[in-house]
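Quick notes on the structure that follows.
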Amino acid sequence: MKITWLGHSCFRLDSAAGSLVLDPYADGSVPGLTLPQQSADAVLCSHYHDDHGAAEKVMLTGRPCGYEVGALECFHDEAEGAKRGKNLIHIVSAEGVRVVHLGDLGHGLDEGQLEKIGRPDVLLLPVGGFFTIDARQAKAIADAIGARLTVPMHYRGEGFGYDVIGPLEEYTGLCGDVVYAGSNSFDPAGYAERATLVLRLPE
């Protein structure tokens with residue numbers, strides 16, 4: 001499976017099961033980022049704010065999508081959705097690889113939620129705070145889930161992201177297993193040991 005970061009919280013999965021885009025963002029919704037138009041077999045959105053729910057940015061091929069997909073309801077804030085509404089955690093599997101995308105998770109996870117998530121191969125984790133869990137909350141959740149690869153997302157970088165959210169370094173500074181990838185794509189099969197994998201912003 002090839003997993004590609006397209007900026008912010010948007011990822012593309014390509015495998016023998018087909019192609020799938022998670023949380024595409026609308027033009028002008030994320031400072032410094034523009035999502036190229038995508039073509040894929042399916043699109044999944046954790047919620048429908050402009051920076052996560054721009055399904056129109058993905059032209060569907062009409063081919064069947066062979067991924068096994070599950071969803072777990074949670075909230076975009078710590079007040080059971082009173083501030084920002086609901087959020088879906090997506091659990092996607094193909095080729096023996098299990099990928100969990102937390103969307104804009106805004107609170108800690110209870111034992112029941114952690115049990116449903118299980119121990120994935122790849123965890124796509126928001127770390128920037130303000131709109132989501134912050135770096136310390138994210139680290140606690142990453143430790144509780146124990147994915148083989150944890151990929152931080154939804155943070156502020158040089159020239160991109162919201163001013164009110166934290167930079168990547170606030171999260172990676174808490175981790176002792178950081179690996180910097182040479183591109184914005186990776187194959188989970190290429191990583192045998194547990195790591196926090198930082199992807200490069202697509203050019």
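Ligands are numbered from 1 in the order shown, residues from 1 within each chain, and chains are lettered A, B, ... in the order they appear in the structure tokens.
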
Can you list every residue of range 43-134 of chain A that has an atom at most 10 Å from range 10-17 of chain A, with its nearest atom pair and the distance in Å to one decimal, using only C-alpha atoms, ordered by chain then number, as CSV?
residue,atom,partner,partner_atom,distance
A:Val43,CA,A:Arg12,CA,9.2
A:Leu44,CA,A:Cys10,CA,9.9
A:Cys45,CA,A:Cys10,CA,9.3
A:Asp51,CA,A:Cys10,CA,8.9
A:His52,CA,A:Cys10,CA,7.4
A:Gly53,CA,A:Cys10,CA,9.8
A:Pro64,CA,A:Ala17,CA,8.8
A:Cys65,CA,A:Ala17,CA,6.4
A:Gly66,CA,A:Ala17,CA,4.4
A:Tyr67,CA,A:Ala17,CA,5.7
A:Glu68,CA,A:Ala17,CA,9.1
A:Val92,CA,A:Leu13,CA,9.5
A:Ser93,CA,A:Ala17,CA,9.2
A:Ala94,CA,A:Ala17,CA,6.3
A:Glu95,CA,A:Ala16,CA,7.4
A:Val99,CA,A:Leu13,CA,9.5
A:His101,CA,A:Phe11,CA,9.0
A:Gly103,CA,A:Cys10,CA,9.2
A:Leu124,CA,A:Phe11,CA,8.9

What does the file look like for those residues with N, CA, C and O atoms, as a PDB file, in the first residue's frame?
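Printed below is selection_8.pdb as written:
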ATOM      1  N   VAL A  43     -14.039   8.513  -1.529  1.00  0.00           N
ATOM      2  CA  VAL A  43     -13.590   9.613  -0.682  1.00  0.00           C
ATOM      3  C   VAL A  43     -14.302   9.496   0.658  1.00  0.00           C
ATOM      4  O   VAL A  43     -15.494   9.174   0.711  1.00  0.00           O
ATOM      5  N   LEU A  44     -13.560   9.727   1.742  1.00  0.00           N
ATOM      6  CA  LEU A  44     -14.112   9.683   3.092  1.00  0.00           C
ATOM      7  C   LEU A  44     -13.801  11.000   3.787  1.00  0.00           C
ATOM      8  O   LEU A  44     -12.670  11.490   3.715  1.00  0.00           O
ATOM      9  N   CYS A  45     -14.787  11.553   4.499  1.00  0.00           N
ATOM     10  CA  CYS A  45     -14.612  12.816   5.223  1.00  0.00           C
ATOM     11  C   CYS A  45     -14.971  12.607   6.687  1.00  0.00           C
ATOM     12  O   CYS A  45     -16.031  12.051   7.002  1.00  0.00           O
ATOM     13  N   ASP A  51     -12.101  22.499   5.498  1.00  0.00           N
ATOM     14  CA  ASP A  51     -10.729  21.974   5.461  1.00  0.00           C
ATOM     15  C   ASP A  51     -10.668  20.453   5.636  1.00  0.00           C
ATOM     16  O   ASP A  51      -9.571  19.890   5.727  1.00  0.00           O
ATOM     17  N   HIS A  52     -11.819  19.799   5.646  1.00  0.00           N
ATOM     18  CA  HIS A  52     -11.848  18.335   5.757  1.00  0.00           C
ATOM     19  C   HIS A  52     -12.906  17.677   4.879  1.00  0.00           C
ATOM     20  O   HIS A  52     -12.820  16.479   4.637  1.00  0.00           O
ATOM     21  N   GLY A  53     -13.891  18.429   4.443  1.00  0.00           N
ATOM     22  CA  GLY A  53     -15.047  17.815   3.807  1.00  0.00           C
ATOM     23  C   GLY A  53     -15.288  18.206   2.373  1.00  0.00           C
ATOM     24  O   GLY A  53     -16.423  18.150   1.894  1.00  0.00           O
ATOM     25  N   PRO A  64     -15.410  -0.016  -8.245  1.00  0.00           N
ATOM     26  CA  PRO A  64     -15.673  -0.411  -6.855  1.00  0.00           C
ATOM     27  C   PRO A  64     -14.428  -0.210  -5.993  1.00  0.00           C
ATOM     28  O   PRO A  64     -13.300  -0.345  -6.466  1.00  0.00           O
ATOM     29  N   CYS A  65     -14.638   0.168  -4.740  1.00  0.00           N
ATOM     30  CA  CYS A  65     -13.535   0.358  -3.799  1.00  0.00           C
ATOM     31  C   CYS A  65     -13.437  -0.888  -2.926  1.00  0.00           C
ATOM     32  O   CYS A  65     -14.401  -1.256  -2.250  1.00  0.00           O
ATOM     33  N   GLY A  66     -12.281  -1.525  -2.942  1.00  0.00           N
ATOM     34  CA  GLY A  66     -12.123  -2.784  -2.243  1.00  0.00           C
ATOM     35  C   GLY A  66     -11.625  -2.684  -0.816  1.00  0.00           C
ATOM     36  O   GLY A  66     -11.322  -3.703  -0.192  1.00  0.00           O
ATOM     37  N   TYR A  67     -11.526  -1.479  -0.281  1.00  0.00           N
ATOM     38  CA  TYR A  67     -11.085  -1.316   1.099  1.00  0.00           C
ATOM     39  C   TYR A  67     -12.194  -1.720   2.066  1.00  0.00           C
ATOM     40  O   TYR A  67     -13.384  -1.453   1.821  1.00  0.00           O
ATOM     41  N   GLU A  68     -11.801  -2.311   3.164  1.00  0.00           N
ATOM     42  CA  GLU A  68     -12.733  -2.510   4.272  1.00  0.00           C
ATOM     43  C   GLU A  68     -12.731  -1.230   5.093  1.00  0.00           C
ATOM     44  O   GLU A  68     -11.674  -0.774   5.539  1.00  0.00           O
ATOM     45  N   VAL A  92      -9.538   1.935   8.032  1.00  0.00           N
ATOM     46  CA  VAL A  92      -9.496   1.457   6.651  1.00  0.00           C
ATOM     47  C   VAL A  92      -8.459   0.339   6.541  1.00  0.00           C
ATOM     48  O   VAL A  92      -7.324   0.491   7.012  1.00  0.00           O
ATOM     49  N   SER A  93      -8.851  -0.754   5.899  1.00  0.00           N
ATOM     50  CA  SER A  93      -7.944  -1.900   5.792  1.00  0.00           C
ATOM     51  C   SER A  93      -7.898  -2.439   4.367  1.00  0.00           C
ATOM     52  O   SER A  93      -8.926  -2.494   3.672  1.00  0.00           O
ATOM     53  N   ALA A  94      -6.702  -2.843   3.939  1.00  0.00           N
ATOM     54  CA  ALA A  94      -6.484  -3.520   2.665  1.00  0.00           C
ATOM     55  C   ALA A  94      -5.090  -4.126   2.684  1.00  0.00           C
ATOM     56  O   ALA A  94      -4.186  -3.593   3.338  1.00  0.00           O
ATOM     57  N   GLU A  95      -4.913  -5.226   1.982  1.00  0.00           N
ATOM     58  CA  GLU A  95      -3.604  -5.876   1.852  1.00  0.00           C
ATOM     59  C   GLU A  95      -2.971  -6.184   3.206  1.00  0.00           C
ATOM     60  O   GLU A  95      -1.754  -6.162   3.353  1.00  0.00           O
ATOM     61  N   VAL A  99      -5.242   1.113   8.641  1.00  0.00           N
ATOM     62  CA  VAL A  99      -4.933   2.545   8.757  1.00  0.00           C
ATOM     63  C   VAL A  99      -6.071   3.218   9.508  1.00  0.00           C
ATOM     64  O   VAL A  99      -7.246   3.032   9.173  1.00  0.00           O
ATOM     65  N   HIS A 101      -7.507   6.969  10.660  1.00  0.00           N
ATOM     66  CA  HIS A 101      -7.455   8.418  10.469  1.00  0.00           C
ATOM     67  C   HIS A 101      -8.374   9.041  11.512  1.00  0.00           C
ATOM     68  O   HIS A 101      -9.585   8.813  11.507  1.00  0.00           O
ATOM     69  N   GLY A 103      -9.203  12.169  11.978  1.00  0.00           N
ATOM     70  CA  GLY A 103      -9.929  13.384  11.626  1.00  0.00           C
ATOM     71  C   GLY A 103      -9.574  14.521  12.560  1.00  0.00           C
ATOM     72  O   GLY A 103      -8.422  14.671  12.984  1.00  0.00           O
ATOM     73  N   LEU A 124      -2.972   8.092  11.695  1.00  0.00           N
ATOM     74  CA  LEU A 124      -2.887   9.457  11.181  1.00  0.00           C
ATOM     75  C   LEU A 124      -3.500  10.366  12.237  1.00  0.00           C
ATOM     76  O   LEU A 124      -4.703  10.328  12.494  1.00  0.00           O
TER      77      LEU A 124
END

| task | Could you give me, as a ChimeraX atom specification, the residues within 9 Å of Asp187 in chain A, counting only C-alpha atoms and dropping anything in the same chain fewer than 6 positions from it? | result | /A:1-4

| said: Based on the backbone DSSP call, show me all residues of range 49-183 of chain A assigned alpha helix (DSSP H), as a PyMOL selection string. | reply: chain A and resi 111-117+135-145+168-172

Compile the contact shell of Tyr155 in chain A as an mmCIF file with all heavy atoms, in the first residue's frame: residues with an atom at most 6 Å away, counting only C-alpha atoms, same-chain residues fewer than 4 positions apart removed.
data_model
loop_
_atom_site.group_PDB
_atom_site.id
_atom_site.type_symbol
_atom_site.label_atom_id
_atom_site.label_comp_id
_atom_site.auth_asym_id
_atom_site.auth_seq_id
_atom_site.Cartn_x
_atom_site.Cartn_y
_atom_site.Cartn_z
ATOM 1 N N GLY A 128 -1.980 19.595 16.334
ATOM 2 C CA GLY A 128 -1.783 21.036 16.420
ATOM 3 C C GLY A 128 -2.530 21.770 17.506
ATOM 4 O O GLY A 128 -2.215 22.918 17.815
ATOM 5 N N GLY A 166 -0.531 24.679 16.731
ATOM 6 C CA GLY A 166 0.873 24.539 17.062
ATOM 7 C C GLY A 166 1.718 23.970 15.936
ATOM 8 O O GLY A 166 1.208 23.315 15.022
ATOM 9 N N PRO A 167 3.021 24.195 16.001
ATOM 10 C CA PRO A 167 3.927 23.633 15.004
ATOM 11 C C PRO A 167 4.202 22.160 15.262
ATOM 12 O O PRO A 167 3.984 21.645 16.365
ATOM 13 C CB PRO A 167 5.203 24.462 15.191
ATOM 14 C CG PRO A 167 5.187 24.829 16.642
ATOM 15 C CD PRO A 167 3.733 25.036 16.987
ATOM 16 N N LEU A 168 4.692 21.488 14.244
ATOM 17 C CA LEU A 168 5.025 20.067 14.331
ATOM 18 C C LEU A 168 5.956 19.771 15.500
ATOM 19 O O LEU A 168 5.815 18.763 16.192
ATOM 20 C CB LEU A 168 5.676 19.628 13.016
ATOM 21 C CG LEU A 168 6.266 18.223 12.961
ATOM 22 C CD1 LEU A 168 5.171 17.170 13.079
ATOM 23 C CD2 LEU A 168 7.068 18.034 11.688
#

| request: Could you please determine the separation between CA of Glu56 in chain A and CA of Gly32 in chain A in Å, to one decimal place? | output: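 One can read the CA of Glu56 in chain A to CA of Gly32 in chain A distance as 19.8 Å.
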
| field | Shell of 10 Å around Ala135 in chain A, only C-alpha atoms, local chain residues under 6 positions omitted, as a list in words | value |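 That gives Leu125, Pro126, Val127, Gly128, Gly129, Ile141, Pro152, Tyr155, Gly166, Pro167, Leu168, Glu169, Glu170, Tyr171, Thr172, Gly173 and Leu174 of chain A.
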
Can you write just those residues out, N, CA, C and O atoms, as a PDB file, in the first residue's frame?
ATOM      1  N   LEU A 125      -2.653  11.197  12.867  1.00  0.00           N
ATOM      2  CA  LEU A 125      -2.941  11.806  14.160  1.00  0.00           C
ATOM      3  C   LEU A 125      -2.861  13.334  14.132  1.00  0.00           C
ATOM      4  O   LEU A 125      -1.801  13.897  13.841  1.00  0.00           O
ATOM      5  N   PRO A 126      -3.957  14.055  14.456  1.00  0.00           N
ATOM      6  CA  PRO A 126      -3.853  15.515  14.564  1.00  0.00           C
ATOM      7  C   PRO A 126      -3.070  15.901  15.812  1.00  0.00           C
ATOM      8  O   PRO A 126      -3.253  15.313  16.873  1.00  0.00           O
ATOM      9  N   VAL A 127      -2.212  16.907  15.685  1.00  0.00           N
ATOM     10  CA  VAL A 127      -1.332  17.258  16.808  1.00  0.00           C
ATOM     11  C   VAL A 127      -1.300  18.750  17.121  1.00  0.00           C
ATOM     12  O   VAL A 127      -0.651  19.163  18.080  1.00  0.00           O
ATOM     13  N   GLY A 128      -1.980  19.595  16.334  1.00  0.00           N
ATOM     14  CA  GLY A 128      -1.783  21.036  16.420  1.00  0.00           C
ATOM     15  C   GLY A 128      -2.530  21.770  17.506  1.00  0.00           C
ATOM     16  O   GLY A 128      -2.215  22.918  17.815  1.00  0.00           O
ATOM     17  N   GLY A 129      -3.567  21.142  18.092  1.00  0.00           N
ATOM     18  CA  GLY A 129      -4.319  21.836  19.126  1.00  0.00           C
ATOM     19  C   GLY A 129      -5.281  22.867  18.580  1.00  0.00           C
ATOM     20  O   GLY A 129      -5.468  23.019  17.370  1.00  0.00           O
ATOM     21  N   ILE A 141      -2.560   9.723  23.348  1.00  0.00           N
ATOM     22  CA  ILE A 141      -3.410   8.859  22.519  1.00  0.00           C
ATOM     23  C   ILE A 141      -2.552   7.939  21.663  1.00  0.00           C
ATOM     24  O   ILE A 141      -2.851   6.748  21.524  1.00  0.00           O
ATOM     25  N   PRO A 152       2.010  12.366  12.179  1.00  0.00           N
ATOM     26  CA  PRO A 152       1.350  13.605  12.622  1.00  0.00           C
ATOM     27  C   PRO A 152       0.776  14.386  11.451  1.00  0.00           C
ATOM     28  O   PRO A 152       1.316  14.371  10.337  1.00  0.00           O
ATOM     29  N   TYR A 155      -1.077  20.383  11.601  1.00  0.00           N
ATOM     30  CA  TYR A 155      -0.183  21.250  12.365  1.00  0.00           C
ATOM     31  C   TYR A 155       0.239  22.427  11.498  1.00  0.00           C
ATOM     32  O   TYR A 155      -0.012  22.457  10.290  1.00  0.00           O
ATOM     33  N   GLY A 166      -0.531  24.679  16.731  1.00  0.00           N
ATOM     34  CA  GLY A 166       0.873  24.539  17.062  1.00  0.00           C
ATOM     35  C   GLY A 166       1.718  23.970  15.936  1.00  0.00           C
ATOM     36  O   GLY A 166       1.208  23.315  15.022  1.00  0.00           O
ATOM     37  N   PRO A 167       3.021  24.195  16.001  1.00  0.00           N
ATOM     38  CA  PRO A 167       3.927  23.633  15.004  1.00  0.00           C
ATOM     39  C   PRO A 167       4.202  22.160  15.262  1.00  0.00           C
ATOM     40  O   PRO A 167       3.984  21.645  16.365  1.00  0.00           O
ATOM     41  N   LEU A 168       4.692  21.488  14.244  1.00  0.00           N
ATOM     42  CA  LEU A 168       5.025  20.067  14.331  1.00  0.00           C
ATOM     43  C   LEU A 168       5.956  19.771  15.500  1.00  0.00           C
ATOM     44  O   LEU A 168       5.815  18.763  16.192  1.00  0.00           O
ATOM     45  N   GLU A 169       6.920  20.665  15.735  1.00  0.00           N
ATOM     46  CA  GLU A 169       7.956  20.410  16.730  1.00  0.00           C
ATOM     47  C   GLU A 169       7.412  20.262  18.149  1.00  0.00           C
ATOM     48  O   GLU A 169       8.045  19.618  18.992  1.00  0.00           O
ATOM     49  N   GLU A 170       6.237  20.839  18.412  1.00  0.00           N
ATOM     50  CA  GLU A 170       5.646  20.666  19.739  1.00  0.00           C
ATOM     51  C   GLU A 170       5.290  19.197  19.988  1.00  0.00           C
ATOM     52  O   GLU A 170       5.317  18.729  21.126  1.00  0.00           O
ATOM     53  N   TYR A 171       4.969  18.490  18.903  1.00  0.00           N
ATOM     54  CA  TYR A 171       4.674  17.052  19.035  1.00  0.00           C
ATOM     55  C   TYR A 171       5.944  16.206  18.943  1.00  0.00           C
ATOM     56  O   TYR A 171       6.196  15.351  19.799  1.00  0.00           O
ATOM     57  N   THR A 172       6.756  16.438  17.938  1.00  0.00           N
ATOM     58  CA  THR A 172       7.931  15.589  17.752  1.00  0.00           C
ATOM     59  C   THR A 172       8.910  15.729  18.912  1.00  0.00           C
ATOM     60  O   THR A 172       9.666  14.802  19.215  1.00  0.00           O
ATOM     61  N   GLY A 173       8.890  16.880  19.601  1.00  0.00           N
ATOM     62  CA  GLY A 173       9.741  17.064  20.765  1.00  0.00           C
ATOM     63  C   GLY A 173       9.397  16.137  21.918  1.00  0.00           C
ATOM     64  O   GLY A 173      10.211  15.935  22.825  1.00  0.00           O
ATOM     65  N   LEU A 174       8.196  15.547  21.866  1.00  0.00           N
ATOM     66  CA  LEU A 174       7.768  14.600  22.897  1.00  0.00           C
ATOM     67  C   LEU A 174       8.080  13.155  22.522  1.00  0.00           C
ATOM     68  O   LEU A 174       7.874  12.247  23.331  1.00  0.00           O
TER      69      LEU A 174
END
